[in-house]
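Here's input-v3.txt, which has compact mmCIF, C-alpha atoms:
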```txt
# COMPACT_ATOMS: atom_id res chain seq x y z
CA MET A 1 5.10 117.89 193.75
CA LYS A 2 6.73 118.73 197.04
CA ASN A 3 6.46 121.97 198.96
CA LYS A 4 9.51 123.26 200.80
CA LYS A 5 7.58 125.00 203.60
CA ILE A 6 5.39 122.00 204.29
CA ILE A 7 8.40 119.67 204.26
CA GLU A 8 10.34 121.89 206.68
CA SER A 9 7.38 122.16 209.05
CA MET A 10 6.43 118.51 208.91
CA ASN A 11 10.02 117.38 209.44
CA LYS A 12 9.83 118.86 212.92
CA ILE A 13 7.18 116.32 213.94
CA GLN A 14 9.02 113.28 215.14
CA PRO A 15 9.28 111.28 218.34
CA ASP A 16 12.23 111.94 220.60
CA LYS A 17 14.71 109.13 221.19
CA PHE A 18 13.07 107.96 224.40
CA ALA A 19 9.59 107.78 222.85
CA ARG A 20 10.98 106.06 219.78
CA ASN A 21 12.63 103.33 221.86
CA THR A 22 9.69 102.93 224.23
CA MET A 23 7.24 102.47 221.37
CA LEU A 24 9.48 99.90 219.70
CA ASP A 25 9.81 97.96 222.97
CA HIS A 26 6.03 97.80 223.32
CA ILE A 27 5.60 96.68 219.72
CA LEU A 28 8.20 93.94 220.08
CA ASN A 29 6.63 92.77 223.34
CA GLU A 30 3.30 92.52 221.54
CA SER A 31 4.99 90.66 218.72
CA THR A 32 6.46 88.15 221.17
CA SER A 33 3.15 87.61 222.94
CA THR A 34 1.30 87.27 219.63
CA SER A 35 3.64 84.57 218.36
CA ALA A 36 3.62 82.81 221.75
CA GLU A 37 -0.19 82.64 221.79
CA PRO A 38 -1.43 79.12 221.30
CA ASP A 39 -3.26 78.55 218.06
CA ARG A 40 -6.91 78.99 218.97
CA LYS A 41 -8.00 76.94 216.01
CA SER A 42 -7.56 73.34 216.92
CA ASN A 43 -6.50 70.92 214.25
CA LYS A 44 -9.47 68.84 215.12
CA GLN A 45 -12.68 70.26 213.69
CA PHE A 46 -14.96 71.44 216.52
CA SER A 47 -18.36 69.85 216.27
CA TRP A 48 -21.40 71.41 217.89
CA LYS A 49 -23.20 68.11 217.38
CA THR A 50 -20.81 66.46 219.83
CA TYR A 51 -20.75 69.11 222.53
CA LEU A 52 -24.26 70.60 222.42
CA PRO A 53 -26.00 67.81 224.38
CA ILE A 54 -23.28 67.94 227.05
CA ALA A 55 -23.60 71.73 227.33
CA ALA A 56 -27.40 71.48 227.53
CA LEU A 57 -27.19 68.86 230.28
CA PHE A 58 -24.70 70.98 232.22
CA ALA A 59 -26.95 74.06 231.90
CA LEU A 60 -29.95 72.07 233.15
CA ILE A 61 -28.05 70.78 236.20
CA LEU A 62 -26.85 74.33 236.94
CA LEU A 63 -30.37 75.75 236.65
CA ILE A 64 -31.76 73.17 239.09
CA THR A 65 -28.96 73.13 241.64
CA ARG A 66 -27.58 76.69 241.58
CA PRO A 67 -30.12 79.15 240.11
CA ASP A 68 -28.14 81.98 241.72
CA LEU A 69 -25.29 81.34 239.30
CA VAL A 70 -27.42 81.65 236.20
CA PRO A 71 -27.19 85.11 234.64
CA ASN A 72 -30.19 87.40 234.32
CA GLN A 73 -31.99 86.07 237.34
CA GLY A 74 -33.90 89.15 238.42
CA SER A 75 -31.05 91.46 237.41
CA ASN A 76 -31.05 94.28 234.86
CA LEU A 77 -28.73 92.39 232.56
CA LEU A 78 -29.06 93.64 229.03
CA LEU A 79 -26.48 91.52 227.25
CA PHE A 80 -23.77 89.13 228.19
CA LYS A 81 -21.11 87.20 226.31
CA GLY A 82 -17.95 85.62 227.69
CA ASN A 83 -16.51 88.10 230.18
CA ILE A 84 -18.52 91.05 228.87
CA LYS A 85 -21.66 92.04 230.76
CA ILE A 86 -23.87 95.00 229.96
CA SER A 87 -26.54 95.91 232.50
CA TYR A 88 -28.92 98.74 233.19
CA VAL A 89 -28.12 100.61 236.39
CA ASP A 90 -30.21 103.26 238.16
CA LYS A 91 -27.27 105.35 239.23
CA ALA A 92 -23.66 105.45 238.13
CA PRO A 93 -21.16 105.93 240.95
CA SER A 94 -18.96 109.01 240.98
CA SER A 95 -15.86 107.95 239.15
CA GLU A 96 -12.23 108.86 239.47
CA LEU A 97 -11.63 107.53 236.00
CA SER A 98 -11.42 109.81 233.06
CA ALA A 99 -10.45 109.60 229.44
CA SER A 100 -8.14 111.88 227.52
CA LYS A 101 -10.66 113.89 225.56
CA PRO A 102 -9.65 114.80 222.03
CA VAL A 103 -9.76 118.39 220.89
CA PHE A 104 -12.08 118.79 217.92
CA THR A 105 -12.08 121.86 215.74
CA GLU A 106 -15.22 123.16 214.06
CA GLU A 107 -14.01 121.75 210.74
CA GLU A 108 -13.36 118.34 212.24
CA VAL A 109 -16.82 118.19 213.79
CA PHE A 110 -18.33 118.52 210.31
CA ASN A 111 -15.72 116.69 208.24
CA LEU A 112 -13.85 114.03 210.18
CA PHE A 113 -16.69 111.60 210.76
CA ASP A 114 -19.77 110.60 208.80
CA THR A 115 -22.35 111.79 211.26
CA ASP A 116 -26.10 111.89 210.81
CA ILE A 117 -27.64 115.16 211.93
CA PHE A 118 -31.18 115.44 213.25
CA MET A 119 -33.31 117.40 215.67
CA GLY A 120 -35.18 115.42 218.27
CA THR A 121 -36.52 115.14 221.78
CA VAL A 122 -35.15 112.82 224.45
CA LYS A 123 -37.88 110.31 225.32
CA GLU A 124 -35.91 108.22 227.77
CA VAL A 125 -32.39 108.03 229.12
CA LYS A 126 -30.99 105.09 231.08
CA ASN A 127 -27.56 104.45 232.52
CA ILE A 128 -25.76 101.24 231.68
CA MET A 129 -22.73 99.52 233.15
CA ILE A 130 -20.22 97.75 230.95
CA ASP A 131 -18.27 95.09 232.80
CA ILE A 132 -15.35 93.58 230.90
CA ASP A 133 -13.19 91.21 232.92
CA ALA A 134 -14.44 92.97 236.08
CA ASN A 135 -13.41 96.44 234.81
CA THR A 136 -16.50 98.60 234.79
CA THR A 137 -17.37 101.74 232.89
CA TYR A 138 -20.64 103.63 232.82
CA HIS A 139 -22.55 105.05 229.89
CA ALA A 140 -26.13 105.90 229.06
CA ILE A 141 -28.54 105.11 226.27
CA ALA A 142 -30.84 107.92 225.18
CA LYS A 143 -33.95 107.26 223.14
CA VAL A 144 -34.58 110.22 220.89
CA SER A 145 -37.65 110.85 218.82
CA ILE A 146 -36.61 112.42 215.50
CA GLU A 147 -38.40 115.62 214.51
CA LYS A 148 -36.31 116.86 211.62
CA VAL A 149 -33.53 115.26 209.59
CA TYR A 150 -30.65 117.34 208.16
CA VAL A 151 -28.25 114.52 207.22
CA GLY A 152 -28.81 110.75 207.27
CA GLU A 153 -31.39 108.09 206.76
CA GLY A 154 -33.47 108.57 209.91
CA SER A 155 -37.06 109.57 209.43
CA VAL A 156 -39.33 111.97 211.24
CA GLY A 157 -41.34 110.23 213.95
CA GLU A 158 -38.80 107.43 214.32
CA THR A 159 -37.31 106.84 217.79
CA VAL A 160 -33.63 105.93 217.74
CA SER A 161 -31.27 104.94 220.53
CA ILE A 162 -27.97 106.74 221.04
CA LEU A 163 -25.09 105.43 223.14
CA LEU A 164 -23.61 108.26 225.19
CA PRO A 165 -19.92 108.45 226.17
CA GLY A 166 -20.70 108.62 229.90
CA PRO A 167 -23.49 108.19 232.39
CA VAL A 168 -26.24 110.64 233.18
CA GLU A 169 -25.99 112.07 236.67
CA ASP A 170 -27.73 114.70 238.69
CA GLY A 171 -25.79 117.65 237.40
CA LYS A 172 -22.51 116.30 238.74
CA ILE A 173 -19.38 116.80 236.69
CA ILE A 174 -17.48 113.59 236.00
CA GLY A 175 -14.25 113.58 234.06
CA ALA A 176 -13.38 115.79 231.16
CA ASP A 177 -16.43 115.61 228.93
CA PHE A 178 -19.30 115.19 231.25
CA ASN A 179 -20.28 118.74 232.08
CA ILE A 180 -23.10 118.61 229.54
CA LEU A 181 -23.97 114.96 229.70
CA PRO A 182 -25.09 114.83 233.34
CA SER A 183 -27.90 117.27 232.70
CA LEU A 184 -29.38 115.32 229.79
CA LYS A 185 -32.89 114.24 230.73
CA THR A 186 -36.21 113.17 229.29
CA GLY A 187 -37.94 116.03 227.53
CA ASP A 188 -34.76 117.85 226.46
CA LYS A 189 -34.71 118.87 222.83
CA GLY A 190 -31.58 119.07 220.79
CA ILE A 191 -29.77 118.79 217.52
CA PHE A 192 -27.76 115.58 217.58
CA MET A 193 -24.81 114.61 215.38
CA PRO A 194 -24.33 110.90 216.14
CA ILE A 195 -22.41 108.31 214.14
CA LYS A 196 -24.22 105.18 213.02
CA HIS A 197 -22.50 102.19 214.61
CA ASP A 198 -20.73 99.82 212.27
CA ALA A 199 -18.47 96.77 212.44
CA ASN A 200 -15.64 98.83 213.99
CA ASP A 201 -17.71 99.59 217.08
CA TYR A 202 -17.68 96.81 219.63
CA TRP A 203 -16.65 95.80 223.14
CA SER A 204 -14.20 92.96 223.41
CA ASP A 205 -12.73 90.85 226.19
CA GLY A 206 -10.05 89.60 223.83
CA VAL A 207 -12.04 86.56 222.73
CA ASN A 208 -15.69 87.60 222.60
CA THR A 209 -17.19 90.75 221.19
CA ILE A 210 -20.47 92.59 221.59
CA PRO A 211 -21.20 95.10 218.83
CA PHE A 212 -22.37 98.52 220.02
CA SER A 213 -25.20 98.18 217.51
CA GLN A 214 -26.77 95.48 219.68
CA ILE A 215 -27.62 98.11 222.28
CA ALA A 216 -27.92 101.31 220.23
CA GLU A 217 -28.02 102.19 216.53
CA TYR A 218 -26.08 105.39 217.08
CA GLY A 219 -23.27 106.73 219.26
CA LEU A 220 -22.26 110.25 220.23
CA ILE A 221 -18.53 110.90 220.03
CA ASP A 222 -18.86 113.55 222.71
CA THR A 223 -21.67 115.68 224.03
CA GLN A 224 -20.01 119.08 223.73
CA HIS A 225 -19.29 119.15 220.01
CA PHE A 226 -21.76 116.68 218.58
CA MET A 227 -24.89 117.74 220.47
CA PHE A 228 -26.62 121.09 220.87
CA LEU A 229 -28.99 120.68 223.78
CA GLN A 230 -31.83 122.96 224.79
CA THR A 231 -32.56 122.46 228.48
CA THR A 232 -34.45 124.40 231.12
CA ASP A 233 -31.05 125.82 232.12
CA GLY A 234 -30.24 127.08 228.63
CA LEU A 235 -28.63 125.97 225.41
CA PHE A 236 -25.57 123.77 225.85
CA PHE A 237 -22.70 123.09 223.45
CA ALA A 238 -18.96 123.85 223.19
CA LYS A 239 -19.29 127.57 222.49
CA ASP A 240 -15.58 128.15 221.95
CA THR A 241 -15.54 125.61 219.11
CA PHE A 242 -18.34 127.32 217.19
CA PRO A 243 -17.60 131.07 217.24
CA ALA A 244 -20.35 131.85 214.72
CA ILE A 245 -23.06 130.69 217.16
CA LYS A 246 -21.32 131.53 220.41
CA SER A 247 -24.17 133.80 221.50
CA ALA A 248 -27.00 131.60 220.22
CA THR A 249 -29.84 131.08 222.66
CA SER A 250 -32.22 128.94 220.62
CA LEU A 251 -32.13 125.79 218.53
CA ASP A 252 -33.50 127.83 215.61
CA GLU A 253 -30.21 129.73 215.45
CA ILE A 254 -28.29 126.45 215.64
CA GLU A 255 -30.42 125.05 212.85
CA VAL A 256 -29.61 127.96 210.51
CA TYR A 257 -25.91 127.47 211.28
CA ILE A 258 -26.04 123.68 210.76
CA GLU A 259 -27.82 124.11 207.44
CA SER A 260 -25.12 126.55 206.30
CA LYS A 261 -22.38 124.04 207.23
CA ILE A 262 -23.88 121.09 205.35
CA LYS A 263 -24.65 122.94 202.10
CA MET B 1 -4.57 74.85 205.97
CA GLU B 2 -1.09 76.29 206.11
CA ARG B 3 -0.47 78.66 209.03
CA THR B 4 1.34 81.90 208.25
CA LEU B 5 4.55 82.34 210.19
CA PRO B 6 4.73 85.43 212.41
CA ARG B 7 6.79 88.33 211.07
CA PRO B 8 10.30 88.07 212.56
CA ASP B 9 11.33 90.80 215.04
CA LYS B 10 14.21 91.77 212.74
CA ASP B 11 11.74 92.63 209.95
CA ILE B 12 9.53 94.58 212.34
CA VAL B 13 12.48 96.63 213.60
CA GLU B 14 13.58 97.40 210.04
CA ILE B 15 10.09 98.50 208.96
CA TYR B 16 9.71 100.51 212.17
CA GLU B 17 13.01 102.33 211.65
CA ARG B 18 12.09 103.08 208.01
CA HIS B 19 8.64 104.49 208.70
CA VAL B 20 8.19 105.47 212.33
CA ASN B 21 8.56 109.18 211.60
CA THR B 22 5.99 109.04 208.79
CA VAL B 23 3.50 107.14 210.95
CA TYR B 24 4.17 109.50 213.87
CA ARG B 25 3.45 112.53 211.64
CA VAL B 26 0.19 111.06 210.38
CA CYS B 27 -0.92 110.17 213.91
CA PHE B 28 0.07 113.53 215.39
CA SER B 29 -1.95 115.37 212.75
CA TYR B 30 -5.06 113.59 214.05
CA MET B 31 -4.36 113.22 217.76
CA LYS B 32 -2.57 116.56 218.42
CA ASN B 33 -0.90 115.35 221.60
CA THR B 34 2.08 113.11 222.16
CA ILE B 35 0.40 110.56 224.47
CA ASP B 36 -2.35 109.60 222.05
CA THR B 37 0.05 109.88 219.12
CA GLU B 38 2.39 107.32 220.70
CA ASP B 39 -0.55 105.02 221.44
CA THR B 40 -1.80 105.14 217.87
CA VAL B 41 1.71 104.72 216.41
CA GLN B 42 2.13 101.57 218.50
CA ASN B 43 -1.30 100.30 217.47
CA THR B 44 -0.42 100.86 213.82
CA PHE B 45 2.75 98.77 214.06
CA MET B 46 0.95 96.17 216.19
CA GLN B 47 -1.54 95.87 213.35
CA LEU B 48 1.43 95.19 211.11
CA VAL B 49 2.67 92.51 213.51
CA LYS B 50 -0.72 90.78 213.37
CA SER B 51 -1.15 91.22 209.63
CA ASN B 52 -0.12 88.65 207.06
CA ILE B 53 0.30 91.23 204.32
CA LYS B 54 3.35 90.80 202.09
CA PHE B 55 4.75 94.06 200.82
CA VAL B 56 6.05 94.32 197.28
CA SER B 57 8.15 97.44 197.94
CA THR B 58 8.99 99.94 200.66
CA GLU B 59 6.54 102.34 198.99
CA HIS B 60 3.79 99.75 199.35
CA GLU B 61 4.85 99.30 202.98
CA LYS B 62 4.66 103.05 203.59
CA ALA B 63 1.30 103.46 201.86
CA TRP B 64 -0.17 100.60 203.92
CA LEU B 65 1.11 102.13 207.15
CA ILE B 66 -0.24 105.60 206.28
CA VAL B 67 -3.71 104.28 205.50
CA THR B 68 -3.72 101.98 208.56
CA ALA B 69 -2.52 104.80 210.84
CA SER B 70 -5.27 107.13 209.56
CA ASN B 71 -7.94 104.49 210.15
CA ILE B 72 -6.62 103.69 213.63
CA CYS B 73 -6.59 107.39 214.56
CA LYS B 74 -10.15 107.94 213.36
CA ASN B 75 -11.26 104.86 215.24
CA HIS B 76 -9.43 106.04 218.35
CA LEU B 77 -11.21 109.40 218.13
CA ARG B 78 -14.59 107.67 217.71
CA HIS B 79 -13.99 105.68 220.88
CA TRP B 80 -11.80 108.05 222.91
CA TRP B 81 -13.94 107.42 225.97
CA GLN B 82 -13.11 103.70 226.03
CA LYS B 83 -9.59 104.31 227.25
CA ARG B 84 -9.87 105.51 230.84
CA THR B 85 -7.19 105.92 233.42
CA ASN B 86 -6.89 107.32 236.90
CA LEU B 87 -6.98 111.11 236.87
CA ASP B 88 -3.86 111.14 239.08
CA ASP B 89 -1.88 109.33 236.38
CA TYR B 90 -2.28 112.30 234.04
CA GLU B 91 -0.46 114.61 236.41
CA ASN B 92 2.81 112.79 235.87
CA ILE B 93 2.52 112.37 232.13
CA LYS B 94 4.43 114.61 229.79
CA THR B 95 1.89 116.07 227.38
CA GLU B 96 3.98 118.74 225.69
CA GLN B 97 5.75 117.77 222.52
CA SER B 98 9.46 118.28 222.12
CA PHE B 99 9.06 119.89 218.69
CA GLU B 100 7.84 123.31 217.64
CA ILE B 101 4.54 123.77 215.82
CA ASP B 102 5.05 126.65 213.41
CA GLU B 103 2.49 128.66 211.45
CA THR B 104 2.60 126.41 208.37
CA LEU B 105 2.15 123.25 210.42
CA GLU B 106 -0.69 124.81 212.38
CA ALA B 107 -2.40 125.79 209.14
CA VAL B 108 -2.00 122.29 207.67
CA MET B 109 -3.24 120.63 210.85
CA ALA B 110 -6.28 122.89 210.97
CA LEU B 111 -7.40 121.79 207.49
CA PRO B 112 -10.44 119.53 207.24
CA ASP B 113 -9.34 115.91 207.30
CA LYS B 114 -9.88 115.15 203.60
CA TYR B 115 -7.78 118.14 202.52
CA LYS B 116 -5.14 117.62 205.21
CA SER B 117 -4.44 113.99 204.21
CA THR B 118 -4.32 114.88 200.54
CA ILE B 119 -2.09 117.93 201.04
CA TYR B 120 0.25 115.90 203.26
CA LEU B 121 0.53 113.01 200.80
CA TYR B 122 1.03 115.32 197.83
CA TYR B 123 3.30 118.04 199.18
CA TYR B 124 5.24 116.13 201.81
CA GLU B 125 5.35 112.51 200.68
CA GLY B 126 5.43 113.46 197.00
CA TYR B 127 2.68 111.08 195.82
CA ASP B 128 0.81 112.15 192.69
CA SER B 129 -2.98 112.40 192.50
CA THR B 130 -3.31 108.94 190.89
CA GLU B 131 -1.38 107.32 193.73
CA ILE B 132 -3.32 109.24 196.38
CA ALA B 133 -6.62 108.26 194.74
CA ALA B 134 -5.60 104.59 194.94
CA MET B 135 -4.49 104.90 198.57
CA LEU B 136 -7.58 106.72 199.78
CA LYS B 137 -9.91 104.77 197.48
CA LYS B 138 -11.37 107.94 195.95
CA PRO B 139 -11.77 109.00 192.31
CA GLN B 140 -8.83 110.96 190.94
CA SER B 141 -11.08 113.94 190.20
CA THR B 142 -12.07 114.07 193.89
CA ILE B 143 -8.42 114.11 194.94
CA ARG B 144 -7.66 116.92 192.48
CA ASN B 145 -10.61 118.83 193.92
CA TYR B 146 -9.36 118.25 197.50
CA LEU B 147 -5.91 119.49 196.49
CA HIS B 148 -7.36 122.59 194.89
CA LYS B 149 -9.53 123.45 197.91
CA GLY B 150 -6.82 122.56 200.43
CA ARG B 151 -4.33 124.73 198.59
CA ASN B 152 -6.76 127.67 198.56
CA LEU B 153 -7.39 127.32 202.28
CA LEU B 154 -3.64 127.31 202.94
CA ARG B 155 -3.19 130.40 200.75
CA GLU B 156 -5.96 132.16 202.69
CA LYS B 157 -4.23 131.37 205.99
CA LEU B 158 -0.59 131.72 205.00
CA GLY B 159 -0.84 134.24 202.20
CA GLY B 160 2.36 134.56 200.24
CA ASP B 161 4.11 132.26 202.67
CA PHE B 162 2.61 129.27 200.94
CA ASP B 163 4.52 128.89 197.76
CA GLU B 164 4.62 125.91 195.46
CA GLU B 165 8.21 124.83 195.02
```

Rewrite the coordinates I just gave you, this time as C-alpha cells.
Amino acid sequence: MKNKKIIESMNKIQPDKFARNTMLDHILNESTSTSAEPDRKSNKQFSWKTYLPIAALFALILLITRPDLVPNQGSNLLLFKGNIKISYVDKAPSSELSASKPVFTEEEVFNLFDTDIFMGTVKEVKNIMIDIDANTTYHAIAKVSIEKVYVGEGSVGETVSILLPGPVEDGKIIGADFNILPSLKTGDKGIFMPIKHDANDYWSDGVNTIPFSQIAEYGLIDTQHFMFLQTTDGLFFAKDTFPAIKSATSLDEIEVYIESKIK
Amino acid sequence: MERTLPRPDKDIVEIYERHVNTVYRVCFSYMKNTIDTEDTVQNTFMQLVKSNIKFVSTEHEKAWLIVTASNICKNHLRHWWQKRTNLDDYENIKTEQSFEIDETLEAVMALPDKYKSTIYLYYYEGYDSTEIAAMLKKPQSTIRNYLHKGRNLLREKLGGDFDEE
C-alpha cells in the first residue's frame, strides 16, 4: 500500500543535477581503477614452504645488522601489520583534524545500534596513535570495570576495554565531539552504551587489516550520546538529546531513565 | 578458477540512473546531511561495482541497493570518526540541501530506524510485508508489528494529516 503524503514528501529528497553527475563520475572512476587493478591472486600457487626460509634468513640478517629497523624495539608499539601501526602514546597532539559528527536523536541512540549498556568505573585510560600509510589519528582505550549490566553479556566484576573515538586530553576541546572525552579519567564512573566490535570494525591500508577487536572488545560511537559520565566536575552527556533527564545530577536518575527506555 | 569480468560502465550508468534517487533517499534518512549522503550513495554504488552479484530483475536490483545502502549508512555512523578532514575544508562545503523537509518527512525521519525503514518500504516503495520481511531478514509478524507501531507514531505526530490512501 502506498501513502500519498509520504510519497509526496519523499519525492522531494533527491540529489541536484551537479551532485548527481559528480557522484556518477566518482563511481565510474572507481570502476575504472578497480578493473585496472592487477589480479592480486597469482596463477601460480603461493607456497609458504618455499618462501618461509628466505624470509626467516632475511629477518635474521636485519636483526643483526640493523636492529633500529626492526619494529617494537623499545617503542610502545601495540600492533603492526603492513602499513598499519598502532602504538600507545602519552599525549596526543592538538589536532586540526575533525570528523563530521552525526546527529543522533534519542530514539536512534536506543534503536539504531545494538549497544550493550552497563555501569562501570574507569580503571585506566591510555591514548593510542593509529598510523595508516603515515596518516595518523589519535584515540584512547579505556578499561572499565563493570558494576551493573542493563543490556548485554558482560558480567559484574569483569573489566572490559572500550575504544574511544578520540584521545584523552587535559580538558582541551578537540574537534566536534571531544568536549566530554578529554575529561575522561581513571576513577570516573559512568553508564556506558558501547557496541561490541565485529567483523565490520577494522583498520585497513587497502591490503592488510587489523580488527578493532584486537585492541578493544567494545567501541563507543561517541561520548556525548552513548556515555553518561559522572566526574568531579558534574554529570556529562548530551543534555539536549535527552530532554527527560536534562536536569539530572546523578547516575541514579540516569539509571531509572535507561531502565525505562529498555523495557 | 574462472575470473568474473568487471561490470561494464554502461551497465553501471544504467543501474545508477534507475536507482540513484531511491538510494539517495535511503541514505539521507540516515545521514541527514547532503555531504555524508553523497558519500554513502557513492559507496553503495561502488559496492555494486565490486560485487559479482547477478540481478534477476530491476526489483531485485533495487532491493539489493536499498539493503546495501542501509548497511553502509549504519556502518558509516558506527565509524564516523574515521573520516577526518581539515576543519577549514568544512567552511567551503555546501551543507544545506536543495530540497525542503516538510512536516511529514520530518516525522518519518524521526521514527526509530526499524519503523522508518519498514514505513518507507511499505508506503513509498510499495513492497508488501512478505517482501519487506525477506529484504530485512525478519519474520513477517515482526514487520507487521513494526508497521503497526510506526503508523501509530506517525498518527501521534501528524494527526489527521497521516491518511492511508

What's around stretch 197-199 of chain A at 8 Å? Count all atoms listed in the file, leave out sequence neighbours fewer than 2 positions away in its own chain, and write the answer as a ChimeraX atom specification.
/A:195,201-202,211-213,216-219

Exercise answer, chain A residues close to chain B, 9 Å and all atoms listed in the file, as a PyMOL selection string | chain A and resi 1-7+9-16+19-20+23-24+26-28+30-32+34-35+96-103+105+107-108+110-113+137+165-166+175+195+200-201+219-222

How far is it from atom CA of A:Thr231 to atom CA of A:Val89, in Å with one decimal?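 So the answer is 23.7 Å.
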
| message | Just want the 10 Å neighbourhood of A:Gly234, counted on all atoms listed in the file, with same-chain residues fewer than 5 positions away dropped. Output as a PyMOL selection string. | response | chain A and resi 229+249-250

For a quick check of understanding, using all atoms listed in the file, which of B:Asn52, B:Thr118, B:Glu14, B:Glu61 has the smallest distance to B:Lys138?
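Checking each candidate against B:Lys138, we get B:Thr118 as the closest.
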
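For the atom pair formed by atom CA of A:Ile215 and atom CA of A:Ile86, the distance is 9.1 Å, given to one decimal.
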
Checklist entry - In Å, how far is it from atom CA of B:Thr68 to atom CA of B:Asp11? => result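 Atom-to-atom, atom CA of B:Thr68 to atom CA of B:Asp11, that is 18.1 Å.
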
task = Write out as JSON, numbers by chain the residues lying within 9 Å of A:Ile262, counting only C-alpha atoms and excluding same-chain residues fewer than 2 positions away.
result = {"A": [110, 150, 151, 257, 258, 259, 260]}

Would you mind completing stretch 205-225 of chain A so that it carries N, CA and C atoms, and writing it out as a JSON list (two decimals), in the coordinates of the input?
```json
[["chain", "number", "residue", "atom", "x", "y", "z"],
["A", 205, "ASP", "N", -13.53, 91.32, 225.04],
["A", 205, "ASP", "CA", -12.73, 90.85, 226.19],
["A", 205, "ASP", "C", -11.49, 90.12, 225.69],
["A", 206, "GLY", "N", -11.20, 90.26, 224.43],
["A", 206, "GLY", "CA", -10.05, 89.60, 223.83],
["A", 206, "GLY", "C", -10.45, 88.36, 223.05],
["A", 207, "VAL", "N", -11.56, 87.76, 223.43],
["A", 207, "VAL", "CA", -12.04, 86.56, 222.73],
["A", 207, "VAL", "C", -13.44, 86.82, 222.15],
["A", 208, "ASN", "N", -14.30, 87.35, 223.02],
["A", 208, "ASN", "CA", -15.69, 87.60, 222.60],
["A", 208, "ASN", "C", -15.89, 89.09, 222.31],
["A", 209, "THR", "N", -16.87, 89.35, 221.47],
["A", 209, "THR", "CA", -17.19, 90.75, 221.19],
["A", 209, "THR", "C", -18.71, 90.97, 221.28],
["A", 210, "ILE", "N", -19.07, 92.17, 221.67],
["A", 210, "ILE", "CA", -20.47, 92.59, 221.59],
["A", 210, "ILE", "C", -20.50, 93.89, 220.79],
["A", 211, "PRO", "N", -21.14, 93.87, 219.62],
["A", 211, "PRO", "CA", -21.20, 95.10, 218.83],
["A", 211, "PRO", "C", -22.04, 96.17, 219.54],
["A", 212, "PHE", "N", -21.59, 97.42, 219.44],
["A", 212, "PHE", "CA", -22.37, 98.52, 220.02],
["A", 212, "PHE", "C", -23.79, 98.51, 219.45],
["A", 213, "SER", "N", -23.90, 98.11, 218.17],
["A", 213, "SER", "CA", -25.20, 98.18, 217.51],
["A", 213, "SER", "C", -26.25, 97.29, 218.16],
["A", 214, "GLN", "N", -25.78, 96.33, 219.00],
["A", 214, "GLN", "CA", -26.77, 95.48, 219.68],
["A", 214, "GLN", "C", -27.49, 96.24, 220.79],
["A", 215, "ILE", "N", -26.90, 97.36, 221.24],
["A", 215, "ILE", "CA", -27.62, 98.11, 222.28],
["A", 215, "ILE", "C", -28.07, 99.50, 221.81],
["A", 216, "ALA", "N", -27.47, 100.01, 220.75],
["A", 216, "ALA", "CA", -27.92, 101.31, 220.23],
["A", 216, "ALA", "C", -27.48, 101.46, 218.78],
["A", 217, "GLU", "N", -28.37, 102.01, 217.96],
["A", 217, "GLU", "CA", -28.02, 102.19, 216.53],
["A", 217, "GLU", "C", -26.94, 103.25, 216.36],
["A", 218, "TYR", "N", -26.99, 104.26, 217.23],
["A", 218, "TYR", "CA", -26.08, 105.39, 217.08],
["A", 218, "TYR", "C", -25.19, 105.57, 218.31],
["A", 219, "GLY", "N", -24.12, 106.35, 218.14],
["A", 219, "GLY", "CA", -23.27, 106.73, 219.26],
["A", 219, "GLY", "C", -22.88, 108.19, 219.13],
["A", 220, "LEU", "N", -22.75, 108.86, 220.27],
["A", 220, "LEU", "CA", -22.26, 110.25, 220.23],
["A", 220, "LEU", "C", -20.78, 110.23, 220.57],
["A", 221, "ILE", "N", -19.97, 110.88, 219.77],
["A", 221, "ILE", "CA", -18.53, 110.90, 220.03],
["A", 221, "ILE", "C", -18.25, 111.69, 221.30],
["A", 222, "ASP", "N", -18.83, 112.86, 221.42],
["A", 222, "ASP", "CA", -18.86, 113.55, 222.71],
["A", 222, "ASP", "C", -20.09, 114.44, 222.74],
["A", 223, "THR", "N", -20.41, 114.94, 223.92],
["A", 223, "THR", "CA", -21.67, 115.68, 224.03],
["A", 223, "THR", "C", -21.48, 117.19, 223.95],
["A", 224, "GLN", "N", -20.24, 117.63, 223.81],
["A", 224, "GLN", "CA", -20.01, 119.08, 223.73],
["A", 224, "GLN", "C", -19.98, 119.57, 222.30],
["A", 225, "HIS", "N", -19.45, 118.72, 221.41],
["A", 225, "HIS", "CA", -19.29, 119.15, 220.01],
["A", 225, "HIS", "C", -20.33, 118.54, 219.09]]
```
